[in-house]
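*Asks:* Quick one: structure below, then a few questions.
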Amino acid sequence: MKNNLIFCLLAFSFLAVNCSNSDTNQESNVITQEMLDAKKAEVMSLINSATCTGACNYIAFGSKPCGGPKEYLLFSSAVNLAQLEDLVTEYNEMEHQFNIQTNAISDCAVVLPPNNIECIDGSCVIIN
C-alpha cells in the first residue's frame with residue numbers, strides 16, 4: 001500500500017512538471033503581430049540600406065494562409081543576399097506560424113512575381 005502511494009505521488013509530480021513545461025514551451029512559441037512587425041522592419045531596413053546602381057532583384061515575402069507569398073519585395077543587387085534570405089525565411093516561417101495560431105484566412109489569390117524591374121533614381125521599381 002505504501003509503495004502504491006509513493007508511486008502515485010511520483011507519477012503526479014512528473015505529470016505536473018511535464019504539463020507546466022509544456023505550457024511554457026507553447027507560450028514561448030507564440031508569434032505576435034509586434035514580433036512580425038519588428039522582423040519586417042528589420043527586412044526593410046536591410047533592403048533600404050543599399051540604393052541600386054544597376055541590377056535589381058525580388059524576393060517572395062510573407063505567407064498567405066492558403067499558401068504562397070503575400071508579396072514580392074524589390075531590392076538592389078548591392079544588398080547582402082544571404083542575410084536578406086535568412087531574414088525573409090525567418091519572417092515567412094513566423095507568419096506561417098502566426099496564421100496557424102490565429103486561424104487566419106485570406107483570399108487565396110496567387111501573387112505573381114514582377115516581370116520587369118529596373119533601377120530608376122536609386123530605387124528598384126516595377127516597369128509595367
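Starting from 1 in every chain, residues are counted up; chains themselves are A, B, ... following the order of the C-alpha cells, and ligands are numbered from 1 as listed.
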Assign secondary structure with DSSP using the backbone only, and return the residues of segment 53-120 of chain A in strand (DSSP E or B) as number ranges by chain.

*Replies:* A: 56-61, 71-76, 117-120

*Asks:* Write the residues of the selection above to a file with C-alpha atoms, as a PDB file, in the first residue's frame.

*Replies:*
ATOM      1  CA  CYS A  56      17.536  44.811 -59.132  1.00  0.00           C
ATOM      2  CA  ASN A  57      16.022  41.600 -57.842  1.00  0.00           C
ATOM      3  CA  TYR A  58      12.934  40.440 -55.978  1.00  0.00           C
ATOM      4  CA  ILE A  59      12.181  38.008 -53.192  1.00  0.00           C
ATOM      5  CA  ALA A  60       8.929  36.318 -52.145  1.00  0.00           C
ATOM      6  CA  PHE A  61       7.801  37.776 -48.831  1.00  0.00           C
ATOM      7  CA  GLU A  71       4.008  39.955 -51.918  1.00  0.00           C
ATOM      8  CA  TYR A  72       7.368  40.347 -53.584  1.00  0.00           C
ATOM      9  CA  LEU A  73       9.945  42.781 -52.258  1.00  0.00           C
ATOM     10  CA  LEU A  74      12.280  44.561 -54.654  1.00  0.00           C
ATOM     11  CA  PHE A  75      15.904  45.079 -53.690  1.00  0.00           C
ATOM     12  CA  SER A  76      19.200  46.198 -55.124  1.00  0.00           C
ATOM     13  CA  ILE A 117      12.268  45.531 -62.617  1.00  0.00           C
ATOM     14  CA  GLU A 118      14.601  48.443 -63.225  1.00  0.00           C
ATOM     15  CA  CYS A 119      16.774  50.737 -61.189  1.00  0.00           C
ATOM     16  CA  ILE A 120      15.442  54.295 -61.515  1.00  0.00           C
TER      17      ILE A 120
END

*Asks:* Which residues come within 10 Å of Ile47 of chain A, counting only C-alpha atoms, excluding same-chain residues fewer than 4 positions away, as a PDB file with N, CA, C and O atoms, in the first residue's frame?

*Replies:*
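And here is the file that came out, selection-v7.pdb:
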ATOM      1  N   ALA A  41      10.381  45.148 -40.199  1.00  0.00           N
ATOM      2  CA  ALA A  41      11.178  46.377 -40.150  1.00  0.00           C
ATOM      3  C   ALA A  41      12.656  46.063 -40.344  1.00  0.00           C
ATOM      4  O   ALA A  41      13.370  46.815 -41.018  1.00  0.00           O
ATOM      5  N   GLU A  42      13.097  44.938 -39.802  1.00  0.00           N
ATOM      6  CA  GLU A  42      14.490  44.515 -39.976  1.00  0.00           C
ATOM      7  C   GLU A  42      14.788  44.208 -41.449  1.00  0.00           C
ATOM      8  O   GLU A  42      15.820  44.611 -41.981  1.00  0.00           O
ATOM      9  N   VAL A  43      13.845  43.517 -42.105  1.00  0.00           N
ATOM     10  CA  VAL A  43      13.996  43.197 -43.532  1.00  0.00           C
ATOM     11  C   VAL A  43      14.036  44.478 -44.351  1.00  0.00           C
ATOM     12  O   VAL A  43      14.916  44.673 -45.196  1.00  0.00           O
ATOM     13  N   THR A  51      21.178  51.554 -52.055  1.00  0.00           N
ATOM     14  CA  THR A  51      20.498  52.077 -53.237  1.00  0.00           C
ATOM     15  C   THR A  51      21.002  51.303 -54.452  1.00  0.00           C
ATOM     16  O   THR A  51      22.122  50.805 -54.471  1.00  0.00           O
ATOM     17  N   LEU A  73       9.181  41.582 -52.588  1.00  0.00           N
ATOM     18  CA  LEU A  73       9.945  42.781 -52.258  1.00  0.00           C
ATOM     19  C   LEU A  73      11.041  42.977 -53.287  1.00  0.00           C
ATOM     20  O   LEU A  73      11.720  42.026 -53.680  1.00  0.00           O
ATOM     21  N   LEU A  74      11.220  44.210 -53.713  1.00  0.00           N
ATOM     22  CA  LEU A  74      12.280  44.561 -54.654  1.00  0.00           C
ATOM     23  C   LEU A  74      13.496  45.010 -53.864  1.00  0.00           C
ATOM     24  O   LEU A  74      13.373  45.671 -52.831  1.00  0.00           O
ATOM     25  N   PHE A  75      14.688  44.654 -54.369  1.00  0.00           N
ATOM     26  CA  PHE A  75      15.904  45.079 -53.690  1.00  0.00           C
ATOM     27  C   PHE A  75      17.051  45.176 -54.679  1.00  0.00           C
ATOM     28  O   PHE A  75      17.060  44.542 -55.721  1.00  0.00           O
ATOM     29  N   SER A  76      18.008  45.998 -54.309  1.00  0.00           N
ATOM     30  CA  SER A  76      19.200  46.198 -55.124  1.00  0.00           C
ATOM     31  C   SER A  76      20.115  44.987 -55.011  1.00  0.00           C
ATOM     32  O   SER A  76      20.198  44.342 -53.968  1.00  0.00           O
ATOM     33  N   SER A  77      20.853  44.711 -56.077  1.00  0.00           N
ATOM     34  CA  SER A  77      21.827  43.617 -56.040  1.00  0.00           C
ATOM     35  C   SER A  77      22.972  43.927 -55.083  1.00  0.00           C
ATOM     36  O   SER A  77      23.762  43.049 -54.750  1.00  0.00           O
ATOM     37  N   ALA A  78      23.047  45.162 -54.579  1.00  0.00           N
ATOM     38  CA  ALA A  78      24.074  45.539 -53.613  1.00  0.00           C
ATOM     39  C   ALA A  78      23.752  45.047 -52.197  1.00  0.00           C
ATOM     40  O   ALA A  78      24.610  45.065 -51.324  1.00  0.00           O
ATOM     41  N   VAL A  79      22.526  44.594 -51.977  1.00  0.00           N
ATOM     42  CA  VAL A  79      22.122  44.088 -50.656  1.00  0.00           C
ATOM     43  C   VAL A  79      22.798  42.743 -50.407  1.00  0.00           C
ATOM     44  O   VAL A  79      22.972  41.939 -51.330  1.00  0.00           O
ATOM     45  N   ASN A  80      23.165  42.486 -49.164  1.00  0.00           N
ATOM     46  CA  ASN A  80      23.737  41.195 -48.776  1.00  0.00           C
ATOM     47  C   ASN A  80      22.640  40.130 -48.929  1.00  0.00           C
ATOM     48  O   ASN A  80      21.751  40.015 -48.088  1.00  0.00           O
ATOM     49  N   LEU A  81      22.726  39.359 -50.011  1.00  0.00           N
ATOM     50  CA  LEU A  81      21.664  38.409 -50.355  1.00  0.00           C
ATOM     51  C   LEU A  81      21.497  37.311 -49.310  1.00  0.00           C
ATOM     52  O   LEU A  81      20.367  36.969 -48.952  1.00  0.00           O
ATOM     53  N   LEU A  84      19.668  38.759 -46.361  1.00  0.00           N
ATOM     54  CA  LEU A  84      18.275  39.029 -46.710  1.00  0.00           C
ATOM     55  C   LEU A  84      17.472  37.736 -46.768  1.00  0.00           C
ATOM     56  O   LEU A  84      16.363  37.664 -46.228  1.00  0.00           O
TER      57      LEU A  84
END

*Asks:* In Å, rounded to a single decimal, give me how far atom CA of Leu46 of chain A is from atom CA of Ile100 of chain A.

*Replies:*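 A separation of 27.5 Å between them.
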
*Asks:* What is the atom CA of Ala38 of chain A to atom CA of Gly68 of chain A distance in Å?

*Replies:*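 Those two atoms sit 21.3 Å apart.
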
*Asks:* List the spatial neighbours of Gly67 of chain A as a list of chain:residue names - criterion: any atom at most 9 Å away, only C-alpha atoms, same-chain residues fewer than 4 positions off excluded.

*Replies:*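 Final neighbour list, sorted by chain and number: A:Ser63, A:His96, A:Cys108, A:Val110.
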
*Asks:* Let's have the selection written as a JSON list (two decimals), in the first residue's frame, with all heavy atoms.

*Replies:*
[["chain", "number", "residue", "atom", "x", "y", "z"],
["A", 63, "SER", "N", 3.60, 35.03, -45.89],
["A", 63, "SER", "CA", 2.99, 33.71, -46.01],
["A", 63, "SER", "C", 1.48, 33.84, -45.93],
["A", 63, "SER", "O", 0.94, 34.18, -44.87],
["A", 63, "SER", "CB", 3.51, 32.80, -44.89],
["A", 63, "SER", "OG", 2.88, 31.56, -44.92],
["A", 96, "HIS", "N", 3.80, 32.18, -41.06],
["A", 96, "HIS", "CA", 3.09, 30.90, -41.23],
["A", 96, "HIS", "C", 2.57, 30.41, -39.88],
["A", 96, "HIS", "O", 1.42, 30.01, -39.76],
["A", 96, "HIS", "CB", 4.02, 29.87, -41.87],
["A", 96, "HIS", "CG", 3.43, 28.50, -41.97],
["A", 96, "HIS", "ND1", 2.44, 28.18, -42.87],
["A", 96, "HIS", "CD2", 3.67, 27.37, -41.24],
["A", 96, "HIS", "CE1", 2.10, 26.92, -42.72],
["A", 96, "HIS", "NE2", 2.82, 26.41, -41.73],
["A", 108, "CYS", "N", -6.78, 33.71, -50.99],
["A", 108, "CYS", "CA", -6.13, 32.60, -51.70],
["A", 108, "CYS", "C", -5.74, 32.95, -53.14],
["A", 108, "CYS", "O", -5.46, 32.06, -53.94],
["A", 108, "CYS", "CB", -7.00, 31.34, -51.67],
["A", 108, "CYS", "SG", -7.30, 30.73, -50.01],
["A", 110, "VAL", "N", -3.35, 33.99, -56.08],
["A", 110, "VAL", "CA", -1.93, 33.77, -56.32],
["A", 110, "VAL", "C", -1.28, 35.10, -56.67],
["A", 110, "VAL", "O", -1.74, 35.81, -57.57],
["A", 110, "VAL", "CB", -1.72, 32.76, -57.48],
["A", 110, "VAL", "CG1", -0.25, 32.61, -57.81],
["A", 110, "VAL", "CG2", -2.33, 31.41, -57.12]]

*Asks:* For the atom pair atom CA of Phe98 of chain A and atom CA of Glu85 of chain A, what is the interatomic distance in Å to one decimal place?

*Replies:* 19.6 Å

*Asks:* Using DSSP assignments from the backbone, pull out every residue in segment 64-127 of chain A that falls under helix (DSSP H, G or I) and give it to me as a ChimeraX atom specification.

*Replies:* /A:81-102

*Asks:* Let's have the selection written as a PDB file, in the first residue's frame, with C-alpha atoms.

*Replies:*
ATOM      1  CA  LEU A  81      21.664  38.409 -50.355  1.00  0.00           C
ATOM      2  CA  ALA A  82      22.474  35.699 -47.798  1.00  0.00           C
ATOM      3  CA  GLN A  83      21.463  37.953 -44.921  1.00  0.00           C
ATOM      4  CA  LEU A  84      18.275  39.029 -46.710  1.00  0.00           C
ATOM      5  CA  GLU A  85      17.307  35.434 -47.491  1.00  0.00           C
ATOM      6  CA  ASP A  86      17.841  34.442 -43.844  1.00  0.00           C
ATOM      7  CA  LEU A  87      15.706  37.315 -42.551  1.00  0.00           C
ATOM      8  CA  VAL A  88      12.945  36.681 -45.084  1.00  0.00           C
ATOM      9  CA  THR A  89      12.917  32.960 -44.301  1.00  0.00           C
ATOM     10  CA  GLU A  90      12.578  33.773 -40.588  1.00  0.00           C
ATOM     11  CA  TYR A  91       9.735  36.201 -41.309  1.00  0.00           C
ATOM     12  CA  ASN A  92       7.918  33.780 -43.598  1.00  0.00           C
ATOM     13  CA  GLU A  93       8.126  30.977 -41.022  1.00  0.00           C
ATOM     14  CA  MET A  94       6.946  33.319 -38.257  1.00  0.00           C
ATOM     15  CA  GLU A  95       3.992  34.489 -40.324  1.00  0.00           C
ATOM     16  CA  HIS A  96       3.093  30.903 -41.232  1.00  0.00           C
ATOM     17  CA  GLN A  97       3.022  30.038 -37.519  1.00  0.00           C
ATOM     18  CA  PHE A  98       1.037  33.212 -36.771  1.00  0.00           C
ATOM     19  CA  ASN A  99      -1.533  32.225 -39.411  1.00  0.00           C
ATOM     20  CA  ILE A 100      -1.950  28.821 -37.765  1.00  0.00           C
ATOM     21  CA  GLN A 101      -2.237  30.319 -34.274  1.00  0.00           C
ATOM     22  CA  THR A 102      -4.856  32.848 -35.314  1.00  0.00           C
TER      23      THR A 102
END
